[in-house]
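**Student:** Below you'll find upload-v3.cif; it's mmCIF, C-alpha atoms and all ligand atoms.
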```
data_my_file
loop_
_atom_site.label_atom_id
_atom_site.label_comp_id
_atom_site.auth_asym_id
_atom_site.auth_seq_id
_atom_site.Cartn_x
_atom_site.Cartn_y
_atom_site.Cartn_z
CA MET A 199 62.10 -21.04 -57.77
CA ILE A 200 60.84 -23.14 -54.83
CA ASP A 201 63.37 -23.40 -52.04
CA PRO A 202 63.13 -27.01 -50.75
CA SER A 203 64.80 -25.99 -47.51
CA ALA A 204 62.11 -23.32 -46.78
CA PRO A 205 60.05 -24.12 -43.68
CA ALA A 206 56.59 -25.60 -44.43
CA VAL A 207 53.58 -23.31 -43.94
CA ARG A 208 51.87 -24.28 -40.69
CA LEU A 209 48.11 -24.02 -41.00
CA ALA A 210 45.29 -23.90 -38.44
CA ILE A 211 41.99 -25.12 -39.89
CA PHE A 212 38.63 -23.86 -38.62
CA THR A 213 35.56 -25.36 -40.19
CA ASP A 214 31.84 -24.89 -39.98
CA PHE A 215 29.76 -28.10 -39.67
CA ASP A 216 26.27 -27.99 -41.30
CA GLY A 217 26.42 -27.29 -45.02
CA THR A 218 30.24 -27.39 -45.04
CA LEU A 219 31.30 -30.77 -43.63
CA VAL A 220 27.90 -32.46 -43.87
CA GLU A 221 24.93 -32.04 -46.21
CA LEU A 222 21.95 -30.10 -44.89
CA ALA A 223 18.97 -32.22 -43.89
CA GLU A 224 15.26 -31.58 -43.32
CA THR A 225 15.70 -31.44 -39.54
CA PRO A 226 18.75 -30.83 -37.29
CA ASP A 227 18.70 -34.48 -36.10
CA ALA A 228 18.56 -35.97 -39.60
CA VAL A 229 22.12 -35.05 -40.59
CA GLU A 230 24.32 -37.95 -41.71
CA MET A 231 27.92 -38.18 -40.62
CA PRO A 232 29.85 -40.63 -42.83
CA ARG A 233 32.37 -42.68 -40.81
CA GLN A 234 35.12 -41.98 -43.34
CA LEU A 235 34.62 -38.23 -42.82
CA ALA A 236 35.13 -38.61 -39.06
CA ASP A 237 38.25 -40.68 -39.75
CA GLN A 238 39.51 -38.08 -42.21
CA LEU A 239 39.02 -35.28 -39.67
CA VAL A 240 41.10 -37.22 -37.16
CA ARG A 241 43.84 -37.86 -39.71
CA THR A 242 43.96 -34.21 -40.81
CA ALA A 243 43.95 -33.04 -37.17
CA GLU A 244 46.85 -35.39 -36.38
CA LYS A 245 48.87 -34.16 -39.35
CA LEU A 246 48.24 -30.55 -38.25
CA GLU A 247 49.32 -31.34 -34.69
CA SER A 248 45.69 -30.90 -33.54
CA ALA A 249 45.30 -27.41 -35.03
CA LEU A 250 41.84 -28.22 -36.41
CA ALA A 251 38.65 -26.96 -34.76
CA ILE A 252 34.95 -27.05 -35.60
CA VAL A 253 33.26 -23.66 -35.24
CA THR A 254 29.53 -24.14 -35.40
CA GLY A 255 26.10 -22.86 -34.48
CA ARG A 256 25.37 -26.24 -32.92
CA PRO A 257 26.03 -26.98 -29.27
CA VAL A 258 29.34 -28.78 -28.59
CA GLU A 259 27.49 -31.92 -27.43
CA ASP A 260 25.84 -32.27 -30.88
CA ILE A 261 29.23 -32.34 -32.57
CA ASP A 262 30.51 -34.86 -30.01
CA ARG A 263 27.48 -37.05 -30.70
CA TYR A 264 28.13 -37.01 -34.46
CA LEU A 265 31.87 -37.64 -34.09
CA ASP A 266 31.73 -40.01 -31.12
CA PRO A 267 34.19 -41.11 -29.72
CA ILE A 268 36.34 -38.36 -31.29
CA ARG A 269 36.68 -35.14 -29.30
CA LEU A 270 37.97 -32.21 -31.36
CA PRO A 271 38.37 -28.60 -30.24
CA VAL A 272 34.92 -27.07 -30.86
CA ALA A 273 33.33 -23.63 -30.57
CA GLY A 274 29.59 -24.30 -30.21
CA SER A 275 26.38 -22.23 -30.15
CA HIS A 276 28.07 -19.70 -32.47
CA GLY A 277 30.96 -19.28 -30.03
CA ALA A 278 28.97 -19.11 -26.77
CA GLN A 279 30.69 -22.36 -25.72
CA ARG A 280 34.23 -23.45 -26.47
CA ARG A 281 36.25 -26.60 -25.83
CA ARG A 282 39.94 -25.87 -26.21
CA ALA A 283 42.51 -28.25 -27.66
CA ASP A 284 43.60 -29.21 -24.11
CA GLY A 285 40.02 -30.34 -23.37
CA SER A 286 39.17 -27.47 -21.00
CA PHE A 287 35.72 -25.97 -21.48
CA GLU A 288 34.33 -22.43 -21.48
CA ASP A 289 30.55 -22.44 -21.16
CA ALA A 290 28.07 -19.79 -22.24
CA GLY A 291 27.90 -18.23 -18.74
CA ALA A 292 24.88 -18.12 -16.46
CA ALA A 293 23.41 -14.90 -17.92
CA GLY A 294 23.72 -16.11 -21.54
CA ILE A 295 22.13 -19.46 -20.70
CA ARG A 296 19.28 -17.81 -18.76
CA ILE A 297 18.48 -15.24 -21.46
CA ALA A 298 18.61 -17.84 -24.26
CA SER A 299 16.17 -19.94 -22.29
CA GLU A 300 13.85 -16.91 -21.78
CA ILE A 301 13.85 -16.37 -25.55
CA ALA A 302 13.05 -20.05 -26.12
CA GLN A 303 10.13 -19.80 -23.68
CA PHE A 304 8.82 -16.75 -25.53
CA LEU A 305 8.93 -18.68 -28.83
CA GLU A 306 7.36 -21.84 -27.47
CA PRO A 307 3.69 -20.95 -28.15
CA LEU A 308 4.41 -20.31 -31.86
CA ALA A 309 6.33 -23.61 -32.15
CA MET A 310 3.58 -25.50 -30.27
CA ALA A 311 0.89 -24.05 -32.53
CA ASN A 312 2.88 -25.02 -35.65
CA PRO A 313 4.34 -28.51 -35.33
CA ASP A 314 6.33 -28.07 -38.56
CA LEU A 315 8.48 -25.44 -36.84
CA ILE A 316 11.41 -26.69 -34.81
CA LEU A 317 12.47 -24.79 -31.72
CA GLU A 318 16.05 -25.68 -30.81
CA PRO A 319 17.13 -24.31 -27.43
CA LYS A 320 20.92 -24.38 -27.01
CA ALA A 321 23.39 -23.31 -24.36
CA GLY A 322 23.58 -19.54 -24.90
CA ALA A 323 21.60 -19.49 -28.15
CA VAL A 324 18.21 -20.42 -29.65
CA ALA A 325 17.22 -21.49 -33.15
CA LEU A 326 13.75 -21.40 -34.68
CA HIS A 327 13.71 -23.56 -37.84
CA TYR A 328 11.10 -23.14 -40.58
CA ARG A 329 12.60 -25.47 -43.25
CA GLN A 330 9.46 -27.61 -43.16
CA ALA A 331 7.14 -24.59 -43.12
CA PRO A 332 8.71 -21.90 -45.35
CA GLN A 333 5.39 -20.03 -45.43
CA LEU A 334 5.96 -19.24 -41.73
CA ALA A 335 9.33 -17.50 -42.27
CA GLU A 336 7.90 -14.03 -41.63
CA ASP A 337 6.03 -15.16 -38.49
CA CYS A 338 9.27 -16.67 -37.20
CA ARG A 339 11.23 -13.51 -37.92
CA ARG A 340 8.62 -11.35 -36.17
CA ALA A 341 8.43 -13.64 -33.14
CA MET A 342 12.22 -13.75 -32.87
CA GLU A 343 12.39 -9.93 -33.09
CA GLU A 344 9.84 -9.58 -30.30
CA ALA A 345 11.62 -12.18 -28.17
CA VAL A 346 14.99 -10.49 -28.57
CA ALA A 347 13.51 -7.04 -27.94
CA ALA A 348 12.20 -8.30 -24.59
CA VAL A 349 15.70 -9.18 -23.30
CA GLU A 350 19.06 -7.44 -23.00
CA GLY A 351 22.12 -8.03 -25.16
CA PHE A 352 20.97 -10.60 -27.71
CA THR A 353 21.09 -10.34 -31.52
CA ILE A 354 19.16 -12.13 -34.29
CA VAL A 355 21.20 -14.14 -36.76
CA PRO A 356 19.41 -15.36 -39.88
CA GLY A 357 20.67 -18.67 -41.24
CA LYS A 358 19.55 -21.33 -43.69
CA MET A 359 15.76 -21.63 -43.13
CA VAL A 360 16.30 -20.58 -39.53
CA PHE A 361 16.35 -17.51 -37.29
CA GLU A 362 18.74 -17.72 -34.40
CA ALA A 363 19.46 -15.52 -31.40
CA ARG A 364 22.79 -15.29 -29.64
CA ALA A 365 24.50 -12.84 -27.30
CA THR A 366 25.71 -9.69 -29.03
CA GLY A 367 29.48 -9.85 -29.58
CA VAL A 368 29.54 -13.64 -29.36
CA ASP A 369 30.31 -14.90 -32.84
CA LYS A 370 32.49 -17.28 -34.83
CA GLY A 371 35.14 -14.60 -35.37
CA ALA A 372 35.59 -14.07 -31.64
CA ALA A 373 35.84 -17.85 -31.17
CA VAL A 374 38.56 -18.11 -33.84
CA ARG A 375 40.50 -15.24 -32.26
CA ALA A 376 40.34 -16.99 -28.88
CA PHE A 377 41.64 -20.27 -30.36
CA MET A 378 44.44 -18.39 -32.15
CA LEU A 379 45.80 -17.18 -28.80
CA GLU A 380 46.22 -20.78 -27.62
CA GLU A 381 48.27 -23.85 -28.44
CA PRO A 382 48.35 -25.53 -30.94
CA PHE A 383 46.77 -22.77 -33.05
CA ALA A 384 48.97 -19.81 -32.03
CA GLY A 385 51.56 -18.81 -34.63
CA ARG A 386 49.88 -20.70 -37.45
CA ILE A 387 48.15 -19.31 -40.54
CA PRO A 388 44.39 -19.65 -39.99
CA VAL A 389 41.97 -20.90 -42.64
CA PHE A 390 38.19 -20.77 -42.13
CA LEU A 391 35.81 -22.90 -44.19
CA GLY A 392 32.10 -22.08 -44.18
CA ASP A 393 28.93 -21.74 -46.21
CA ASP A 394 26.62 -19.44 -44.28
CA THR A 395 26.16 -15.81 -43.24
CA THR A 396 27.29 -16.63 -39.69
CA ASP A 397 30.62 -17.78 -41.14
CA GLU A 398 31.39 -14.27 -42.38
CA ASP A 399 32.69 -13.32 -38.90
CA GLY A 400 35.05 -16.30 -39.14
CA PHE A 401 36.26 -15.30 -42.62
CA ARG A 402 36.96 -11.73 -41.49
CA ALA A 403 38.78 -12.87 -38.35
CA VAL A 404 41.17 -15.26 -40.13
CA GLN A 405 41.87 -12.73 -42.87
CA GLU A 406 42.68 -10.04 -40.30
CA LEU A 407 45.05 -12.55 -38.74
CA GLY A 408 46.85 -13.10 -42.05
CA GLY A 409 44.94 -16.19 -43.15
CA VAL A 410 42.23 -16.95 -45.65
CA GLY A 411 38.48 -17.47 -45.62
CA ILE A 412 37.04 -20.05 -48.00
CA LYS A 413 33.35 -19.75 -48.82
CA LEU A 414 31.48 -22.80 -50.01
CA GLY A 415 29.03 -22.08 -52.81
CA GLU A 416 27.44 -18.92 -54.13
CA GLY A 417 26.52 -15.66 -52.44
CA ASP A 418 28.18 -12.44 -51.33
CA THR A 419 31.11 -12.98 -49.04
CA SER A 420 34.17 -11.35 -47.57
CA ALA A 421 36.07 -14.65 -47.99
CA ARG A 422 38.99 -14.36 -50.40
CA MET A 423 38.54 -17.85 -51.81
CA ARG A 424 35.66 -20.10 -52.80
CA ILE A 425 35.16 -23.83 -52.89
CA ALA A 426 32.46 -25.52 -54.97
CA ASP A 427 30.84 -28.07 -52.69
CA ILE A 428 31.06 -30.37 -49.67
CA ALA A 429 32.91 -33.08 -51.63
CA SER A 430 35.60 -30.50 -52.43
CA VAL A 431 35.86 -29.61 -48.72
CA HIS A 432 36.47 -33.30 -47.95
CA ALA A 433 39.07 -33.45 -50.74
CA LEU A 434 40.77 -30.36 -49.33
CA LEU A 435 40.95 -31.92 -45.85
CA ARG A 436 42.48 -35.05 -47.40
CA GLY A 437 44.94 -32.97 -49.41
CA LEU A 438 46.00 -30.96 -46.37
CA ALA A 439 46.68 -34.16 -44.44
CA ASP A 440 48.68 -35.62 -47.36
CA ALA A 441 50.69 -32.44 -47.75
CA ALA A 442 51.43 -31.90 -44.05
O1 LIG B 501 27.29 -23.16 -38.00
P1 LIG B 501 26.78 -24.44 -38.59
O2 LIG B 501 27.61 -25.63 -38.24
O3 LIG B 501 26.54 -24.33 -40.07
O4 LIG B 501 25.35 -24.66 -37.91
C1 LIG B 501 24.27 -23.80 -38.27
C2 LIG B 501 22.98 -24.39 -37.77
O5 LIG B 501 22.92 -25.73 -38.29
C3 LIG B 501 21.77 -26.50 -37.96
O6 LIG B 501 20.68 -26.00 -38.71
C4 LIG B 501 20.90 -26.12 -40.11
O7 LIG B 501 21.12 -27.49 -40.46
C5 LIG B 501 19.97 -28.37 -40.26
C6 LIG B 501 20.42 -29.78 -40.60
O8 LIG B 501 20.94 -29.83 -41.88
C7 LIG B 501 18.83 -27.88 -41.16
O9 LIG B 501 17.69 -28.72 -40.98
C8 LIG B 501 18.49 -26.42 -40.81
O10 LIG B 501 17.51 -25.92 -41.71
C9 LIG B 501 19.75 -25.53 -40.91
O11 LIG B 501 19.47 -24.21 -40.49
C10 LIG B 501 21.53 -26.51 -36.47
O12 LIG B 501 20.29 -27.09 -36.19
C11 LIG B 501 21.64 -25.13 -35.84
O13 LIG B 501 21.65 -25.26 -34.41
C12 LIG B 501 22.96 -24.48 -36.26
O14 LIG B 501 23.08 -23.19 -35.68
#
```
What does the file become when written as structure tokens?

**Tutor:**
Amino acid sequence: MIDPSAPAVRLAIFTDFDGTLVELAETPDAVEMPRQLADQLVRTAEKLESALAIVTGRPVEDIDRYLDPIRLPVAGSHGAQRRRADGSFEDAGAAGIRIASEIAQFLEPLAMANPDLILEPKAGAVALHYRQAPQLAEDCRRAMEEAVAAVEGFTIVPGKMVFEARATGVDKGAAVRAFMLEEPFAGRIPVFLGDDTTDEDGFRAVQELGGVGIKLGEGDTSARMRIADIASVHALLRGLADAA
């Protein structure tokens, strides 16, 4: 029997951005952010006493641009940057920024020679997109491997029609763990929503902390739960706000 006097479960929500909150687009800049989604995120965050963070491969400034003027806690560049709930900011560090920029320089000739490739330098990470030139996937992988081999302490992360490089040990799981040590996340049950291989670190982290990972769509995953599509993610965010 449900005990109506039992304390409510207090959740902390961590969500990926591309492919989870918003539909994928042909290029990183072509993503559409519906106004009602931004409003819903604010409402859910308010109901959860601000325990809602975006954990993404994008730089923090991209998320701010899409959500403007809303400023949520965000882990960006796969966790290389982090804005806490109190607004304070941890950047990628001088070494991470320098090495990511060296990798981007190494990849530049390939991107220049193939205008359908998109080179996306970020603070502490680099992405080389081949969505518009899938036939160049292998060339991108090889170039990224060479670039990463030429520097110290960076790892390749394959994503959706993209190869990315980020500092070894910097990942979405580490970002979630850092948030969970701080207010307003500490002491809550963490939930991580994501669709991609880079979200697996987030799923594992929340599950080790007693929470649950929720994988959007098909594919192998360590997440204990699945959700069908982006519309269902939006419905879940609405439902969480209503229930809180
Ligand atoms: O961790 P996420 O929030 O899922 O971000 C992962 C990467 O997303 C972006 O690239 C992806 O989305 C683009 C727009 O839909 C798409 O064109 C591209 O093919 C996808 O790989 C972003 O550009 C990257 O920086 C993120 O790391």

**Student:** Excluding Pro319 (chain A) and its own-chain neighbours fewer than 2 positions away, which residues fall within 10 Å of it when counting only C-alpha atoms? Please give them as a VMD selection string.

**Tutor:** chain A and resid 257 275 295 298 to 303 316 to 317 321 to 326 362 to 363

**Student:** May I ask you to write as a PyMOL selection string all residues lying at most 6 Å from ligand LIG 501 (chain B), with only C-alpha atoms and all ligand atoms counted?

**Tutor:** chain A and resi 214-217+222-226+229+254-256+325+327+329+357-360

**Student:** Smallest atom-to-atom distance to Arg241 (chain A): which of A:Arg208, A:Ala228, A:Ile268, A:Glu416, using all atoms listed in the file?

**Tutor:** A:Ile268

**Student:** Which is closer to Gly400 (chain A) than all the others in A:Gly351, A:Gly437, A:Gly277, A:Gly415, using only C-alpha atoms?

**Tutor:**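 Going through A:Gly351, A:Gly437, A:Gly277, A:Gly415 one by one, the smallest distance to Gly400 (chain A) is for A:Gly277.
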
**Student:** Might you pull out every residue within 9 Å of region 439-441 of chain A, with all atoms listed in the file counted and same-chain residues fewer than 5 positions away left off, and present them as an MDAnalysis selection string?

**Tutor:** chainID A and resid 238 241:246 434

**Student:** What is the distance between CA of Val272 (chain A) and CA of Asp284 (chain A), in Å to one decimal?

**Tutor:**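 Taking CA of Val272 (chain A) and CA of Asp284 (chain A), their separation equals 11.2 Å.
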
**Student:** Find, counting only C-alpha atoms, the residue in A:Arg339, A:Arg402, A:Arg263, A:Lys320 that gets nearest to Ala290 (chain A).

**Tutor:**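 Residue with the minimum atom-to-atom distance to Ala290 (chain A): A:Lys320.
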
**Student:** Select, counting all atoms listed in the file, all protein, DNA and RNA residues no farther than 12 Å from (50.1, -23.2, -26.7) in file coordinates, and express the selection as number ranges by chain.

**Tutor:** A: 247-249, 282-284, 376-386

**Student:** Closest to Glu318 (chain A) among A:Glu306, A:Ser430, A:Ala331, A:Leu239, using all atoms listed in the file?

**Tutor:** A:Glu306

**Student:** Which value, in Å to one decimal, gives the distance between CA of Glu288 (chain A) and CA of Asp237 (chain A)?

**Tutor:**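 Rounded to one decimal, the two atoms are 26.1 Å apart.
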
**Student:** Distance CA of Val374 (chain A)-CA of Thr213 (chain A), one decimal place?

**Tutor:**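 Interatomic distance, CA of Val374 (chain A) to CA of Thr213 (chain A): 10.1 Å.
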
**Student:** Residues near Ala421 (chain A), anyone? I mean within 8 Å using only C-alpha atoms, not counting same-chain ones fewer than 2 positions away, as a PyMOL selection string.

**Tutor:** chain A and resi 398+401-402+405+410-413+419+423-424

**Student:** Using all atoms listed in the file, determine which residues lie at most 10 Å from Tyr264 (chain A), disregarding the query and same-chain residues fewer than 5 positions distant; provide the list as number ranges by chain.

**Tutor:** A: 227, 229-233, 236, 259

**Student:** Give me a file of those residues, with C-alpha atoms, as an mmCIF file, in the coordinates of the input.

**Tutor:**
```cif
data_model
loop_
_atom_site.group_PDB
_atom_site.id
_atom_site.type_symbol
_atom_site.label_atom_id
_atom_site.label_comp_id
_atom_site.auth_asym_id
_atom_site.auth_seq_id
_atom_site.Cartn_x
_atom_site.Cartn_y
_atom_site.Cartn_z
ATOM 1 C CA ASP A 227 18.700 -34.480 -36.100
ATOM 2 C CA VAL A 229 22.120 -35.050 -40.590
ATOM 3 C CA GLU A 230 24.320 -37.950 -41.710
ATOM 4 C CA MET A 231 27.920 -38.180 -40.620
ATOM 5 C CA PRO A 232 29.850 -40.630 -42.830
ATOM 6 C CA ARG A 233 32.370 -42.680 -40.810
ATOM 7 C CA ALA A 236 35.130 -38.610 -39.060
ATOM 8 C CA GLU A 259 27.490 -31.920 -27.430
#
```

**Student:** Which neighbours of Phe212 (chain A) fall inside 7 Å, counting all atoms listed in the file, when residues of the same chain fewer than 3 positions from it are skipped, and could you give them as a list in words?

**Tutor:**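 Contacts, with the query itself left out: Leu250, Ala251, Ile252, Val253, Val389, Phe390 and Leu391 of chain A.
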
**Student:** Calculated over all atoms listed in the file, which of the candidates A:Pro332, A:Gly294, A:Pro388, A:Pro356 has the smallest distance to Gly371 (chain A)?

**Tutor:**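 The shortest atom-to-atom distance to Gly371 (chain A) comes from A:Pro388.
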
**Student:** Which residue out of A:Leu435, A:Val404, A:Leu334, A:Ala442 has the minimum interatomic distance to Arg422 (chain A) when only C-alpha atoms are used?

**Tutor:** A:Val404

**Student:** Atoms are missing here; could region 374-409 of chain A be completed with N, CA and C atoms and written as an mmCIF file, in the coordinates of the input?

**Tutor:**
```
data_model
loop_
_atom_site.group_PDB
_atom_site.id
_atom_site.type_symbol
_atom_site.label_atom_id
_atom_site.label_comp_id
_atom_site.auth_asym_id
_atom_site.auth_seq_id
_atom_site.Cartn_x
_atom_site.Cartn_y
_atom_site.Cartn_z
ATOM 1 N N VAL A 374 37.304 -17.841 -33.115
ATOM 2 C CA VAL A 374 38.560 -18.110 -33.840
ATOM 3 C C VAL A 374 39.710 -17.330 -33.191
ATOM 4 N N ARG A 375 39.448 -16.064 -32.880
ATOM 5 C CA ARG A 375 40.500 -15.240 -32.260
ATOM 6 C C ARG A 375 40.949 -15.855 -30.930
ATOM 7 N N ALA A 376 39.987 -16.373 -30.168
ATOM 8 C CA ALA A 376 40.340 -16.990 -28.880
ATOM 9 C C ALA A 376 41.204 -18.234 -29.109
ATOM 10 N N PHE A 377 40.815 -19.082 -30.058
ATOM 11 C CA PHE A 377 41.640 -20.270 -30.360
ATOM 12 C C PHE A 377 43.051 -19.852 -30.777
ATOM 13 N N MET A 378 43.135 -18.778 -31.577
ATOM 14 C CA MET A 378 44.440 -18.390 -32.150
ATOM 15 C C MET A 378 45.409 -17.858 -31.109
ATOM 16 N N LEU A 379 44.903 -17.609 -29.891
ATOM 17 C CA LEU A 379 45.800 -17.180 -28.800
ATOM 18 C C LEU A 379 46.379 -18.384 -28.068
ATOM 19 N N GLU A 380 45.871 -19.577 -28.400
ATOM 20 C CA GLU A 380 46.220 -20.780 -27.620
ATOM 21 C C GLU A 380 46.975 -21.796 -28.469
ATOM 22 N N GLU A 381 47.674 -22.692 -27.770
ATOM 23 C CA GLU A 381 48.270 -23.850 -28.440
ATOM 24 C C GLU A 381 47.155 -24.817 -28.846
ATOM 25 N N PRO A 382 47.256 -25.520 -29.954
ATOM 26 C CA PRO A 382 48.350 -25.530 -30.940
ATOM 27 C C PRO A 382 48.110 -24.570 -32.099
ATOM 28 N N PHE A 383 47.144 -23.645 -31.938
ATOM 29 C CA PHE A 383 46.770 -22.770 -33.050
ATOM 30 C C PHE A 383 47.711 -21.567 -33.188
ATOM 31 N N ALA A 384 48.184 -21.055 -32.036
ATOM 32 C CA ALA A 384 48.970 -19.810 -32.030
ATOM 33 C C ALA A 384 50.171 -19.926 -32.972
ATOM 34 N N GLY A 385 50.397 -18.857 -33.738
ATOM 35 C CA GLY A 385 51.560 -18.810 -34.630
ATOM 36 C C GLY A 385 51.324 -19.448 -35.987
ATOM 37 N N ARG A 386 50.173 -20.069 -36.162
ATOM 38 C CA ARG A 386 49.880 -20.700 -37.450
ATOM 39 C C ARG A 386 49.073 -19.748 -38.346
ATOM 40 N N ILE A 387 48.955 -20.102 -39.610
ATOM 41 C CA ILE A 387 48.150 -19.310 -40.540
ATOM 42 C C ILE A 387 46.738 -19.908 -40.544
ATOM 43 N N PRO A 388 45.742 -19.088 -40.120
ATOM 44 C CA PRO A 388 44.390 -19.650 -39.990
ATOM 45 C C PRO A 388 43.610 -19.676 -41.309
ATOM 46 N N VAL A 389 42.855 -20.748 -41.476
ATOM 47 C CA VAL A 389 41.970 -20.900 -42.640
ATOM 48 C C VAL A 389 40.579 -21.204 -42.082
ATOM 49 N N PHE A 390 39.564 -20.509 -42.597
ATOM 50 C CA PHE A 390 38.190 -20.770 -42.130
ATOM 51 C C PHE A 390 37.340 -21.209 -43.314
ATOM 52 N N LEU A 391 36.684 -22.356 -43.144
ATOM 53 C CA LEU A 391 35.810 -22.900 -44.190
ATOM 54 C C LEU A 391 34.355 -22.774 -43.737
ATOM 55 N N GLY A 392 33.506 -22.194 -44.583
ATOM 56 C CA GLY A 392 32.100 -22.080 -44.180
ATOM 57 C C GLY A 392 31.196 -21.772 -45.353
ATOM 58 N N ASP A 393 29.880 -21.905 -45.107
ATOM 59 C CA ASP A 393 28.930 -21.740 -46.210
ATOM 60 C C ASP A 393 27.850 -20.707 -45.934
ATOM 61 N N ASP A 394 27.813 -20.163 -44.721
ATOM 62 C CA ASP A 394 26.620 -19.440 -44.280
ATOM 63 C C ASP A 394 26.962 -18.004 -43.870
ATOM 64 N N THR A 395 25.906 -17.202 -43.638
ATOM 65 C CA THR A 395 26.160 -15.810 -43.240
ATOM 66 C C THR A 395 26.903 -15.731 -41.902
ATOM 67 N N THR A 396 26.627 -16.682 -41.002
ATOM 68 C CA THR A 396 27.290 -16.630 -39.690
ATOM 69 C C THR A 396 28.787 -16.930 -39.794
ATOM 70 N N ASP A 397 29.199 -17.477 -40.947
ATOM 71 C CA ASP A 397 30.620 -17.780 -41.140
ATOM 72 C C ASP A 397 31.418 -16.540 -41.568
ATOM 73 N N GLU A 398 30.686 -15.485 -41.934
ATOM 74 C CA GLU A 398 31.390 -14.270 -42.380
ATOM 75 C C GLU A 398 32.284 -13.706 -41.271
ATOM 76 N N ASP A 399 31.837 -13.796 -40.010
ATOM 77 C CA ASP A 399 32.690 -13.320 -38.900
ATOM 78 C C ASP A 399 33.989 -14.129 -38.838
ATOM 79 N N GLY A 400 33.862 -15.430 -39.125
ATOM 80 C CA GLY A 400 35.050 -16.300 -39.140
ATOM 81 C C GLY A 400 35.988 -15.927 -40.278
ATOM 82 N N PHE A 401 35.414 -15.670 -41.467
ATOM 83 C CA PHE A 401 36.260 -15.300 -42.620
ATOM 84 C C PHE A 401 37.037 -14.017 -42.303
ATOM 85 N N ARG A 402 36.297 -13.022 -41.766
ATOM 86 C CA ARG A 402 36.960 -11.730 -41.490
ATOM 87 C C ARG A 402 38.070 -11.914 -40.462
ATOM 88 N N ALA A 403 37.782 -12.703 -39.423
ATOM 89 C CA ALA A 403 38.780 -12.870 -38.350
ATOM 90 C C ALA A 403 40.052 -13.508 -38.900
ATOM 91 N N VAL A 404 39.933 -14.600 -39.657
ATOM 92 C CA VAL A 404 41.170 -15.260 -40.130
ATOM 93 C C VAL A 404 41.920 -14.348 -41.089
ATOM 94 N N GLN A 405 41.185 -13.584 -41.902
ATOM 95 C CA GLN A 405 41.870 -12.730 -42.870
ATOM 96 C C GLN A 405 42.586 -11.589 -42.161
ATOM 97 N N GLU A 406 41.980 -11.077 -41.077
ATOM 98 C CA GLU A 406 42.680 -10.040 -40.300
ATOM 99 C C GLU A 406 43.913 -10.605 -39.599
ATOM 100 N N LEU A 407 43.900 -11.908 -39.392
ATOM 101 C CA LEU A 407 45.050 -12.550 -38.740
ATOM 102 C C LEU A 407 46.047 -13.102 -39.765
ATOM 103 N N GLY A 408 45.882 -12.706 -41.023
ATOM 104 C CA GLY A 408 46.850 -13.100 -42.050
ATOM 105 C C GLY A 408 46.524 -14.397 -42.764
ATOM 106 N N GLY A 409 45.319 -14.934 -42.516
ATOM 107 C CA GLY A 409 44.940 -16.190 -43.150
ATOM 108 C C GLY A 409 43.947 -15.987 -44.269
#
```
